[in-house]
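Okay, so here's the structure we're looking at.
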Amino acid sequence: MTLPKPFPTRRVVATLLTLSLSPAWAQETTPVQESATQATEPAPENATQEAGLTPDTDVTPAEQISALDERMTTAEGKVAALEEQNVETKNDLSALKKLKISGYVQARYQDQESLDATGAGGFSRFSVRRGRIKTTYTTDWAQLMLQIDAVPTTGVTVRDAEATLYIPGTHQQMSLTLGQMKWPFGYEAVQSSSDREMPERTRVVRAFLPDERDRGIKFAGTFLEGKFNFSAGLFDGNGIFNQGFIGTDNDKEKDFIGRAGFDLGWLSGGVSGWYGHSIAKGPNDAYRKAYERDRVALDAQMYLDVLPLGGTALKGEYITGKTYAKSSGDTKVEQLGVPASGWYALLVQNVGLSDAVAVRYDFFDPENGRKNSANDGKPHGNNSVGTLGVALLHYFGENMKVTAAYEMPMTGAPDGAKDPHDNLFTLQMQAKY
């Protein structure tokens, strides 16, 4: 493409100046025989003023043109310098637009009822549940994402460390990610803790997907203008809680995990699958062996706007599989080869623009249909548990959310056994940026 030639600014100014000064030159060449009054009549003042010059009888027109040319050269140099600074500023702003820093803090007060009549168990405490800082840098071809968690109980830990390559020619709709990331499984496990209505994830999700993260490689893509999405990959399978020496995988087995979903705006959902093994030594094993570690899940979310109070959301998920994690004190132990299942249903009703009410019921059966039992009048630790939770939420703008939640776990208890008094009240303030 041929660029247009620069406009001859200096040549035009010189021509105009010559024309404006022509009366003065004509007067200098007037014959001597003209009248004295005509010979001595001064040139019009506007002749030099229109050219931007100060009248000076000692300066010739050529010198004036030379001085004007010098001033124009200086001005052009200043304009060029400003243009260069403008380009540098645009480059700096472009780099800053690629960088996004966000984070949030969840501070809590919790009170749990005493577990029995003697006052054993239960607690009343203040805590900082999450203190996240997330950095994301995105270009046309790649993305870096690093998220750390800084809380008093565990110190500073890495939650996410992802290196993503966008597949060329897909306009960032397909990507390949390697690092530590969330498992592409289900809905609630992938959802950010800052967006969740209840303080914690459901019991079934905490059992099958503890800490929600693992190390591996994942392919993800969206199709049909975002109406269909797919993500799948290979992972260690043990999560970040069940690692061996210096945080490495404790076996050579890799688990395949994926989810295929759809999003129609008012209705979304998906189906998830997990297939893998955990090589470990069970309580009755003489040697380590491979235990099946698999899951299947269905999830759906519906968003309605039919009540005058505000929007309504209905969400649900069902998970079933083998080998899950069970909390034992401060650690989590895999229940090798044990079949389990669970589900939850959540109703969220917005009230105006700043308030919401959430009601959730979740159910978890840790041994898939095994009959509930009791020991010394107390429910067995492997009995099924259903939990009813209610939460009130208020948003102070976009950066502050206050949640007051009350959860009532109901442990399956056969005749003669009593359900433990372990109802939990949580007051949480979340600040984010």
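All residue names refer to the structure tokens as shown: chains lettered A, B, ... in order, residues numbered from 1 in each chain, ligands numbered from 1 in order.
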(request) Write out as a PyMOL selection string the residues lying within 6 Å of stretch 209-214 of chain A, counting only C-alpha atoms and excluding same-chain residues fewer than 2 positions away. (result) chain A and resi 180-183+189+205-207+239-240
Output the selection as a CSV table (one decimal), in the first residue's frame - C-alpha atoms for each residue.
```csv
chain,number,residue,atom,x,y,z
A,180,GLN,CA,-2.3,-27.2,39.6
A,181,MET,CA,-5.9,-26.4,39.0
A,182,LYS,CA,-9.5,-27.3,39.9
A,183,TRP,CA,-10.8,-30.7,38.8
A,189,ALA,CA,-16.5,-27.8,43.1
A,205,VAL,CA,-18.7,-32.5,47.3
A,206,ARG,CA,-16.2,-32.2,50.2
A,207,ALA,CA,-16.1,-36.0,50.3
A,239,GLY,CA,-5.6,-34.1,45.1
A,240,ILE,CA,-3.4,-31.6,46.9
```
(message) Env of stretch 368-377 of chain A: 12 Å cut, atoms = only C-alpha atoms, seq-sep filter 3 positions within chain, self excluded. Answer as an MDAnalysis selection string.
(response) chainID A and resid 116 319:324 337:342 363:365 380:385 411:420
Written selection (N, CA and C atoms) as a tab-separated table (two decimals), in the first residue's frame:
```
chain	number	residue	atom	x	y	z
A	116	ASP	N	-23.21	-33.19	73.34
A	116	ASP	CA	-24.04	-34.02	74.24
A	116	ASP	C	-24.35	-33.22	75.50
A	319	ILE	N	-24.01	-37.01	42.83
A	319	ILE	CA	-22.71	-37.64	42.63
A	319	ILE	C	-22.74	-39.04	43.24
A	320	THR	N	-22.20	-39.99	42.51
A	320	THR	CA	-22.04	-41.34	43.04
A	320	THR	C	-20.71	-41.90	42.55
A	321	GLY	N	-20.08	-42.77	43.36
A	321	GLY	CA	-18.79	-43.33	42.97
A	321	GLY	C	-18.15	-44.14	44.07
A	322	LYS	N	-16.89	-44.48	43.86
A	322	LYS	CA	-16.11	-45.26	44.82
A	322	LYS	C	-14.84	-44.51	45.21
A	323	THR	N	-14.41	-44.78	46.46
A	323	THR	CA	-13.19	-44.21	47.03
A	323	THR	C	-13.33	-42.69	47.18
A	324	TYR	N	-13.60	-42.27	48.40
A	324	TYR	CA	-13.76	-40.85	48.71
A	324	TYR	C	-12.91	-40.51	49.93
A	337	GLY	N	-12.06	-48.01	47.84
A	337	GLY	CA	-13.02	-48.91	47.24
A	337	GLY	C	-14.42	-48.85	47.83
A	338	VAL	N	-14.69	-47.94	48.74
A	338	VAL	CA	-16.00	-47.86	49.38
A	338	VAL	C	-16.96	-47.09	48.48
A	339	PRO	N	-18.14	-47.65	48.15
A	339	PRO	CA	-19.11	-46.92	47.33
A	339	PRO	C	-19.89	-45.92	48.17
A	340	ALA	N	-20.14	-44.75	47.60
A	340	ALA	CA	-20.87	-43.71	48.31
A	340	ALA	C	-21.64	-42.87	47.29
A	341	SER	N	-22.59	-42.08	47.78
A	341	SER	CA	-23.36	-41.22	46.91
A	341	SER	C	-23.96	-40.08	47.72
A	342	GLY	N	-24.40	-39.05	46.99
A	342	GLY	CA	-25.03	-37.92	47.66
A	342	GLY	C	-25.57	-36.92	46.66
A	363	PHE	N	-27.50	-34.24	51.10
A	363	PHE	CA	-27.56	-35.57	51.69
A	363	PHE	C	-26.35	-36.37	51.22
A	364	PHE	N	-25.72	-37.07	52.17
A	364	PHE	CA	-24.55	-37.89	51.83
A	364	PHE	C	-24.66	-39.24	52.53
A	365	ASP	N	-24.55	-40.29	51.73
A	365	ASP	CA	-24.56	-41.67	52.23
A	365	ASP	C	-23.16	-42.23	52.05
A	380	HIS	N	-23.60	-44.37	64.42
A	380	HIS	CA	-22.29	-44.77	63.92
A	380	HIS	C	-21.72	-43.67	63.03
A	381	GLY	N	-20.39	-43.60	62.96
A	381	GLY	CA	-19.73	-42.55	62.19
A	381	GLY	C	-19.94	-42.66	60.70
A	382	ASN	N	-20.37	-43.84	60.22
A	382	ASN	CA	-20.61	-44.03	58.80
A	382	ASN	C	-22.08	-43.98	58.43
A	383	ASN	N	-22.91	-43.46	59.33
A	383	ASN	CA	-24.33	-43.32	59.00
A	383	ASN	C	-24.53	-42.17	58.02
A	384	SER	N	-25.65	-42.20	57.32
A	384	SER	CA	-25.97	-41.13	56.38
A	384	SER	C	-26.28	-39.84	57.13
A	385	VAL	N	-26.01	-38.70	56.44
A	385	VAL	CA	-26.22	-37.40	57.06
A	385	VAL	C	-26.94	-36.49	56.07
A	411	THR	N	-28.03	-36.62	61.45
A	411	THR	CA	-27.39	-37.91	61.26
A	411	THR	C	-28.42	-39.02	61.41
A	412	GLY	N	-28.36	-39.98	60.46
A	412	GLY	CA	-29.28	-41.10	60.54
A	412	GLY	C	-29.08	-41.88	61.82
A	413	ALA	N	-30.14	-42.00	62.62
A	413	ALA	CA	-30.03	-42.66	63.92
A	413	ALA	C	-31.12	-43.72	64.04
A	414	PRO	N	-30.74	-44.99	64.27
A	414	PRO	CA	-31.75	-46.04	64.45
A	414	PRO	C	-32.45	-45.87	65.80
A	415	ASP	N	-33.43	-46.70	66.04
A	415	ASP	CA	-34.20	-46.61	67.29
A	415	ASP	C	-33.27	-46.69	68.49
A	416	GLY	N	-33.48	-45.79	69.43
A	416	GLY	CA	-32.68	-45.78	70.65
A	416	GLY	C	-31.48	-44.88	70.59
A	417	ALA	N	-31.06	-44.43	69.39
A	417	ALA	CA	-29.91	-43.53	69.26
A	417	ALA	C	-30.41	-42.10	69.10
A	418	LYS	N	-29.58	-41.16	69.49
A	418	LYS	CA	-29.93	-39.75	69.43
A	418	LYS	C	-29.03	-39.02	68.42
A	419	ASP	N	-29.65	-38.12	67.68
A	419	ASP	CA	-28.91	-37.30	66.74
A	419	ASP	C	-28.03	-36.32	67.52
A	420	PRO	N	-26.74	-36.21	67.21
A	420	PRO	CA	-25.85	-35.29	67.94
A	420	PRO	C	-26.32	-33.83	67.79
```
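Residue-level DSSP output for stretch 208-261 of chain A, from the backbone, shows strand (DSSP E) at Arg213, Asp214, Arg215, Gly216, Ile217, Lys218, Phe219, Ala220, Gly221, Thr222, Phe223, Phe228, Asn229, Phe230, Ser231, Ala232, Gly233, Leu234, Phe235, Asp255, Phe256, Ile257, Gly258, Arg259, Ala260 and Gly261 of chain A.
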(request) Return as a list in words the full set of residues in stretch 98-344 of chain A whose backbone-based DSSP assignment is alpha helix (DSSP H). (result)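 For stretch 98-344 of chain A, the alpha helix (DSSP H) set is Lys98, Arg203, Val204, Val205, Arg206, Ala207 and Phe208 of chain A.
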Using the selection just defined, write its residues with N, CA and C atoms as a PDB file, in the first residue's frame.
```pdb
ATOM      1  N   LYS A  98      -3.546  -6.319  30.294  1.00  0.00           N
ATOM      2  CA  LYS A  98      -3.395  -7.772  30.273  1.00  0.00           C
ATOM      3  C   LYS A  98      -3.276  -8.355  31.685  1.00  0.00           C
ATOM      4  N   ARG A 203     -21.579 -31.524  51.866  1.00  0.00           N
ATOM      5  CA  ARG A 203     -20.842 -32.660  52.408  1.00  0.00           C
ATOM      6  C   ARG A 203     -20.432 -33.641  51.318  1.00  0.00           C
ATOM      7  N   VAL A 204     -21.299 -33.874  50.332  1.00  0.00           N
ATOM      8  CA  VAL A 204     -20.986 -34.826  49.274  1.00  0.00           C
ATOM      9  C   VAL A 204     -19.840 -34.316  48.401  1.00  0.00           C
ATOM     10  N   VAL A 205     -19.797 -33.033  48.118  1.00  0.00           N
ATOM     11  CA  VAL A 205     -18.705 -32.482  47.317  1.00  0.00           C
ATOM     12  C   VAL A 205     -17.399 -32.489  48.102  1.00  0.00           C
ATOM     13  N   ARG A 206     -17.446 -32.199  49.392  1.00  0.00           N
ATOM     14  CA  ARG A 206     -16.225 -32.222  50.204  1.00  0.00           C
ATOM     15  C   ARG A 206     -15.660 -33.634  50.306  1.00  0.00           C
ATOM     16  N   ALA A 207     -16.529 -34.644  50.218  1.00  0.00           N
ATOM     17  CA  ALA A 207     -16.071 -36.035  50.310  1.00  0.00           C
ATOM     18  C   ALA A 207     -15.432 -36.508  49.005  1.00  0.00           C
ATOM     19  N   PHE A 208     -16.103 -36.263  47.884  1.00  0.00           N
ATOM     20  CA  PHE A 208     -15.604 -36.758  46.606  1.00  0.00           C
ATOM     21  C   PHE A 208     -14.530 -35.857  45.986  1.00  0.00           C
TER      22      PHE A 208
END
```
